[in-house]
>>> print(open('data10.tsv').read())   # TSV, C-alpha atoms
chain	number	residue	atom	x	y	z
A	3	GLY	CA	178.42	-35.24	-4.40
A	4	GLU	CA	176.80	-38.59	-5.04
A	5	SER	CA	178.18	-41.57	-3.19
A	6	ARG	CA	179.93	-44.25	-5.18
A	7	ASN	CA	177.87	-47.26	-6.15
A	8	PRO	CA	179.14	-49.96	-3.77
A	9	GLY	CA	178.31	-52.60	-6.37
A	10	ARG	CA	181.19	-51.50	-8.55
A	11	ALA	CA	184.93	-51.54	-8.02
A	12	ILE	CA	187.18	-48.64	-8.98
A	13	SER	CA	189.63	-49.22	-11.82
A	14	PRO	CA	193.21	-47.87	-11.70
A	15	MET	CA	192.00	-45.01	-13.93
A	16	GLY	CA	189.46	-44.06	-11.27
A	17	GLN	CA	186.43	-45.23	-13.24
A	18	GLN	CA	183.82	-47.58	-11.91
A	19	VAL	CA	184.09	-51.14	-13.17
A	20	ARG	CA	180.76	-52.83	-13.84
A	21	PHE	CA	180.09	-55.92	-11.76
A	22	THR	CA	179.24	-57.82	-14.93
A	23	ASP	CA	182.64	-56.88	-16.38
A	24	GLU	CA	184.22	-58.34	-13.24
A	25	LEU	CA	182.30	-61.58	-13.83
A	26	ARG	CA	183.49	-61.76	-17.42
A	27	SER	CA	187.06	-61.22	-16.28
A	28	LEU	CA	186.69	-64.08	-13.80
A	29	ALA	CA	185.66	-66.38	-16.66
A	30	GLY	CA	188.92	-65.52	-18.41
A	31	ALA	CA	190.12	-67.97	-21.04
A	32	LYS	CA	186.87	-69.95	-20.94
A	33	TRP	CA	184.95	-66.85	-22.03
A	34	GLU	CA	187.37	-66.25	-24.89
A	35	ALA	CA	187.11	-69.90	-25.92
A	36	VAL	CA	183.33	-69.61	-26.16
A	37	ILE	CA	183.24	-66.45	-28.25
A	38	ASN	CA	186.04	-67.60	-30.56
A	39	HIS	CA	184.85	-71.20	-30.93
A	40	ARG	CA	185.29	-72.84	-34.33
A	41	PHE	CA	181.55	-73.53	-34.41
A	42	THR	CA	180.81	-69.79	-34.57
A	43	ASP	CA	183.26	-69.16	-37.41
A	44	ALA	CA	182.02	-72.13	-39.45
A	45	LEU	CA	178.42	-71.07	-38.83
A	46	ALA	CA	179.04	-67.52	-40.05
A	47	ALA	CA	180.93	-68.76	-43.11
A	48	GLY	CA	178.10	-71.12	-44.00
A	49	THR	CA	180.60	-73.99	-44.09
A	50	ILE	CA	179.47	-75.73	-40.93
A	51	ASP	CA	178.84	-79.45	-41.35
A	52	ARG	CA	175.10	-80.12	-41.58
A	53	ASP	CA	175.33	-82.95	-39.06
A	54	VAL	CA	177.20	-80.73	-36.60
A	55	LEU	CA	174.60	-77.98	-36.91
A	56	ALA	CA	171.73	-80.46	-36.64
A	57	ARG	CA	173.21	-81.99	-33.46
A	58	TYR	CA	173.71	-78.53	-31.99
A	59	LEU	CA	170.19	-77.31	-32.79
A	60	VAL	CA	168.49	-80.48	-31.52
A	61	GLN	CA	170.29	-80.09	-28.21
A	62	ASP	CA	169.82	-76.31	-28.01
A	63	HIS	CA	166.09	-76.68	-28.55
A	64	ARG	CA	166.00	-79.27	-25.74
A	65	PHE	CA	166.62	-76.65	-23.07
A	66	LEU	CA	164.45	-73.93	-24.59
A	67	ASP	CA	161.70	-74.73	-22.10
A	68	SER	CA	164.12	-74.53	-19.17
A	69	PHE	CA	165.36	-71.18	-20.49
A	70	VAL	CA	161.78	-69.88	-20.71
A	71	VAL	CA	161.19	-70.99	-17.11
A	72	LEU	CA	164.35	-69.16	-15.99
A	73	LEU	CA	163.63	-65.97	-17.92
A	74	SER	CA	160.01	-65.81	-16.80
A	75	SER	CA	161.07	-66.47	-13.20
A	76	MET	CA	163.47	-63.54	-13.40
A	77	VAL	CA	160.71	-61.34	-14.84
A	78	ALA	CA	158.45	-62.28	-11.93
A	79	ALA	CA	161.22	-61.53	-9.42
A	80	ALA	CA	162.19	-58.18	-10.97
A	81	PRO	CA	161.55	-55.14	-8.75
A	82	SER	CA	159.22	-53.12	-10.99
A	83	LEU	CA	157.10	-53.08	-14.12
A	84	ALA	CA	159.79	-51.10	-15.92
A	85	ALA	CA	162.28	-53.84	-15.05
A	86	ARG	CA	159.89	-56.53	-16.29
A	87	ILE	CA	158.79	-55.16	-19.67
A	88	PRO	CA	162.01	-55.78	-21.68
A	89	GLY	CA	162.15	-59.31	-20.27
A	90	CYS	CA	158.57	-59.94	-21.39
A	91	GLN	CA	159.38	-58.66	-24.86
A	92	PHE	CA	162.40	-60.95	-25.05
A	93	LEU	CA	160.27	-63.89	-23.93
A	94	ALA	CA	158.01	-63.20	-26.90
A	95	LEU	CA	161.01	-63.37	-29.26
A	96	ILE	CA	162.28	-66.62	-27.73
A	97	THR	CA	158.90	-68.33	-27.96
A	98	GLY	CA	158.09	-66.79	-31.34
A	99	ARG	CA	160.75	-65.94	-33.91
A	100	GLU	CA	163.49	-68.07	-32.35
A	101	ASN	CA	161.30	-71.14	-31.88
A	102	THR	CA	160.12	-70.78	-35.48
A	103	TYR	CA	163.77	-70.66	-36.64
A	104	PHE	CA	164.30	-74.04	-34.97
A	105	GLU	CA	161.31	-75.60	-36.71
A	106	ARG	CA	162.33	-74.25	-40.13
A	107	SER	CA	165.93	-75.32	-39.60
A	108	PHE	CA	165.00	-78.86	-38.62
A	109	ALA	CA	162.98	-79.14	-41.82
A	110	ALA	CA	165.83	-77.72	-43.94
A	111	LEU	CA	168.39	-80.04	-42.33
A	112	GLY	CA	166.19	-83.11	-42.70
A	113	VAL	CA	165.75	-83.63	-38.96
A	114	ASP	CA	162.35	-85.21	-38.43
A	115	ASP	CA	160.45	-85.49	-35.17
A	116	ALA	CA	161.59	-89.05	-34.62
A	117	ALA	CA	165.25	-88.06	-34.91
A	118	ARG	CA	164.74	-85.11	-32.59
A	119	GLU	CA	163.04	-87.22	-29.97
A	120	SER	CA	165.37	-90.23	-30.15
A	121	ALA	CA	168.65	-88.34	-29.72
A	122	PRO	CA	169.67	-88.51	-26.05
A	123	ASP	CA	170.53	-85.36	-24.13
A	124	THR	CA	174.27	-84.70	-24.20
A	125	ALA	CA	176.04	-84.07	-20.89
A	126	PRO	CA	176.12	-80.27	-21.47
A	127	THR	CA	172.38	-80.27	-22.23
A	128	VAL	CA	171.66	-82.13	-19.00
A	129	ALA	CA	173.88	-79.66	-17.14
A	130	PHE	CA	172.22	-76.62	-18.74
A	131	LYS	CA	168.72	-77.83	-17.95
A	132	ALA	CA	169.72	-78.45	-14.34
A	133	LEU	CA	171.48	-75.09	-13.99
A	134	MET	CA	168.55	-73.14	-15.45
A	135	ARG	CA	165.87	-74.97	-13.46
A	136	ASP	CA	167.91	-74.66	-10.26
A	137	ALA	CA	168.69	-70.98	-10.79
A	138	ALA	CA	165.00	-70.32	-11.47
A	139	LYS	CA	164.32	-71.35	-7.86
A	140	ALA	CA	167.29	-69.43	-6.44
A	141	THR	CA	167.78	-65.69	-5.87
A	142	TYR	CA	166.95	-62.97	-8.40
A	143	SER	CA	170.67	-62.23	-8.78
A	144	GLU	CA	171.50	-65.89	-9.45
A	145	MET	CA	168.80	-66.02	-12.13
A	146	LEU	CA	170.38	-62.98	-13.75
A	147	ALA	CA	173.88	-64.45	-13.51
A	148	VAL	CA	172.92	-67.41	-15.71
A	149	LEU	CA	170.95	-65.23	-18.14
A	150	VAL	CA	173.77	-62.71	-18.47
A	151	ALA	CA	176.38	-65.42	-19.06
A	152	ALA	CA	174.26	-67.10	-21.72
A	153	GLU	CA	173.07	-64.04	-23.61
A	154	TRP	CA	176.18	-61.87	-23.32
A	155	SER	CA	178.50	-64.66	-24.47
A	156	TYR	CA	176.23	-65.28	-27.45
A	157	GLN	CA	176.06	-61.59	-28.29
A	158	SER	CA	179.86	-61.44	-28.07
A	159	TRP	CA	180.41	-64.17	-30.66
A	160	GLY	CA	177.46	-62.98	-32.73
A	161	GLU	CA	178.87	-59.48	-33.09
A	162	ARG	CA	182.36	-60.87	-33.72
A	163	VAL	CA	181.32	-63.02	-36.68
A	164	LEU	CA	178.58	-60.74	-38.08
A	165	PRO	CA	180.83	-58.83	-40.52
A	166	ALA	CA	181.85	-62.11	-42.16
A	167	ALA	CA	178.44	-63.82	-42.02
A	168	VAL	CA	177.07	-65.10	-45.33
A	169	GLN	CA	173.46	-64.48	-46.34
A	170	GLU	CA	172.69	-68.13	-47.13
A	171	PRO	CA	171.86	-70.68	-45.92
A	172	PHE	CA	169.32	-69.15	-43.55
A	173	THR	CA	170.19	-71.84	-40.98
A	174	SER	CA	173.52	-70.08	-40.54
A	175	ARG	CA	172.61	-66.45	-41.09
A	176	GLU	CA	169.50	-66.26	-38.95
A	177	TRP	CA	171.20	-67.82	-35.92
A	178	VAL	CA	173.86	-65.10	-36.17
A	179	ASP	CA	171.18	-62.42	-36.65
A	180	LEU	CA	169.24	-63.62	-33.60
A	181	HIS	CA	172.35	-63.05	-31.48
A	182	SER	CA	173.62	-59.73	-32.84
A	183	GLY	CA	172.38	-56.30	-33.79
A	184	GLU	CA	170.74	-53.42	-31.97
A	185	TYR	CA	167.78	-55.25	-30.42
A	186	PHE	CA	169.76	-58.18	-29.02
A	187	GLY	CA	172.36	-55.70	-27.78
A	188	SER	CA	169.60	-53.91	-25.88
A	189	VAL	CA	168.52	-57.20	-24.28
A	190	VAL	CA	172.06	-57.93	-23.09
A	191	GLU	CA	172.44	-54.39	-21.77
A	192	TYR	CA	169.10	-54.71	-19.97
A	193	LEU	CA	170.14	-57.97	-18.28
A	194	ARG	CA	173.59	-56.66	-17.39
A	195	GLY	CA	172.06	-53.47	-16.02
A	196	LEU	CA	169.72	-55.39	-13.72
A	197	LEU	CA	172.59	-57.49	-12.38
A	198	ASP	CA	174.89	-54.48	-11.97
A	199	GLU	CA	172.11	-52.73	-10.05
A	200	ALA	CA	171.51	-55.76	-7.84
A	201	ALA	CA	175.23	-55.97	-7.07
A	202	ALA	CA	175.01	-52.70	-5.14
A	203	THR	CA	173.23	-54.40	-2.25
A	204	MET	CA	174.66	-57.93	-2.44
A	205	THR	CA	176.30	-59.52	0.58
A	206	PRO	CA	179.67	-61.25	0.03
A	207	ALA	CA	177.88	-64.61	0.15
A	208	GLU	CA	175.40	-63.49	-2.50
A	209	ARG	CA	178.23	-62.27	-4.72
A	210	ALA	CA	179.98	-65.60	-4.36
A	211	ALA	CA	176.80	-67.46	-5.33
A	212	VAL	CA	176.40	-65.25	-8.41
A	213	GLU	CA	180.01	-65.91	-9.44
A	214	VAL	CA	179.45	-69.67	-9.16
A	215	ARG	CA	176.36	-69.50	-11.38
A	216	PHE	CA	178.01	-67.27	-13.98
A	217	LEU	CA	181.16	-69.39	-14.24
A	218	ALA	CA	179.12	-72.60	-14.39
A	219	ALA	CA	177.11	-71.22	-17.30
A	220	VAL	CA	180.26	-70.23	-19.21
A	221	ASP	CA	181.76	-73.68	-18.63
A	222	ILE	CA	178.63	-75.33	-20.03
A	223	GLU	CA	178.49	-72.98	-23.03
A	224	LEU	CA	181.98	-74.11	-24.02
A	225	ALA	CA	181.19	-77.79	-23.49
A	226	PHE	CA	177.97	-77.35	-25.47
A	227	PHE	CA	179.82	-76.09	-28.55
A	228	ASP	CA	182.37	-78.89	-28.24
A	229	ALA	CA	179.63	-81.52	-27.96
A	230	ALA	CA	178.24	-80.59	-31.38
A	231	TYR	CA	181.41	-82.05	-32.91
A	232	GLU	CA	181.13	-85.35	-31.05
A	233	ASP	CA	179.32	-88.09	-32.94
A	234	SER	CA	176.24	-89.20	-31.04
>>> encode(input="data10.tsv", output="structure tokens")
Amino acid sequence: GESRNPGRAISPMGQQVRFTDELRSLAGAKWEAVINHRFTDALAAGTIDRDVLARYLVQDHRFLDSFVVLLSSMVAAAPSLAARIPGCQFLALITGRENTYFERSFAALGVDDAARESAPDTAPTVAFKALMRDAAKATYSEMLAVLVAAEWSYQSWGERVLPAAVQEPFTSREWVDLHSGEYFGSVVEYLRGLLDEAAATMTPAERAAVEVRFLAAVDIELAFFDAAYEDS
């Protein structure tokens, strides 16, 4: 028969456990705090304070460029054309529909260019930019670790709040829609699949480095949500 994938542990039931599931388990309570954060519930309900949402979006848009650098670096490092194509398609969404959502939302929330440019980076924003830029120069697996943590955690809260999400205002609904549904689920599965596949040939040191990146990203995601509620 086929040999067991060495990148996956065996559960007590005898089934293979995905490496990415192991990473999520390591994040533990922090992961749960991200996907159940009050920001996500208020966003879906359409009751989120406009100032809170504006602060969040200004900061989130600040590291969009760093995210694009990280994602495109991963695409370049991927082992084949087949492994690159979904990443390229996701890049198009990030730099197209998602970037347009930001611009429309800033206009709707009354955030002009001067306000966007004058607000200082919060500590989580500084940390995210540094993590993404640093990971983009690290190993392929470390790039994926940060991408998986960011996108999978967002899909997890997006799917959780989707059934209760209001249709209006668009500033709430479209941010939920961008992080839920069949297409975004396919992106998360694509990223997880690449990292699970890479885990099969990782050394213990490489695994440890991936864990550090993943856990750092989850920590920053939680701090990023919290920061939206702190007056600048």
>>> atom_distance(input="data10.tsv", atom1="atom CA of Phe108 of chain A", atom2="atom CA of Trp33 of chain A")
28.6 Å
>>> closest_residue(input="data10.tsv", among="A:Gly187, A:Ala35, A:Asp43, A:Ile96", to="Pro165 of chain A", atoms="only C-alpha atoms")
A:Asp43
>>> residues_near_point(input="data10.tsv", point="(178.5, -75.1, -15.2)", cutoff="10 Å", atoms="all atoms listed in the file", output="list in words")
Pro126, Ala129, Phe130, Ala132, Leu133, Val148, Val214, Arg215, Phe216, Leu217, Ala218, Ala219, Val220, Asp221, Ile222, Glu223, Leu224 and Ala225 of chain A
>>> closest_residue(input="data10.tsv", among="A:Thr42, A:Ser182, A:Thr205, A:Ser120", to="Val54 of chain A", atoms="all atoms listed in the file")
A:Thr42
>>> closest_residue(input="data10.tsv", among="A:Thr141, A:Asn101, A:Gln61, A:Ser158", to="Thr124 of chain A", atoms="all atoms listed in the file")
A:Gln61
>>> atom_distance(input="data10.tsv", atom1="atom CA of Asp115 of chain A", atom2="atom CA of Gly98 of chain A")
19.2 Å
>>> closest_residue(input="data10.tsv", among="A:Val70, A:Ile37, A:Ala109, A:Glu153", to="Arg135 of chain A", atoms="all atoms listed in the file")
A:Val70
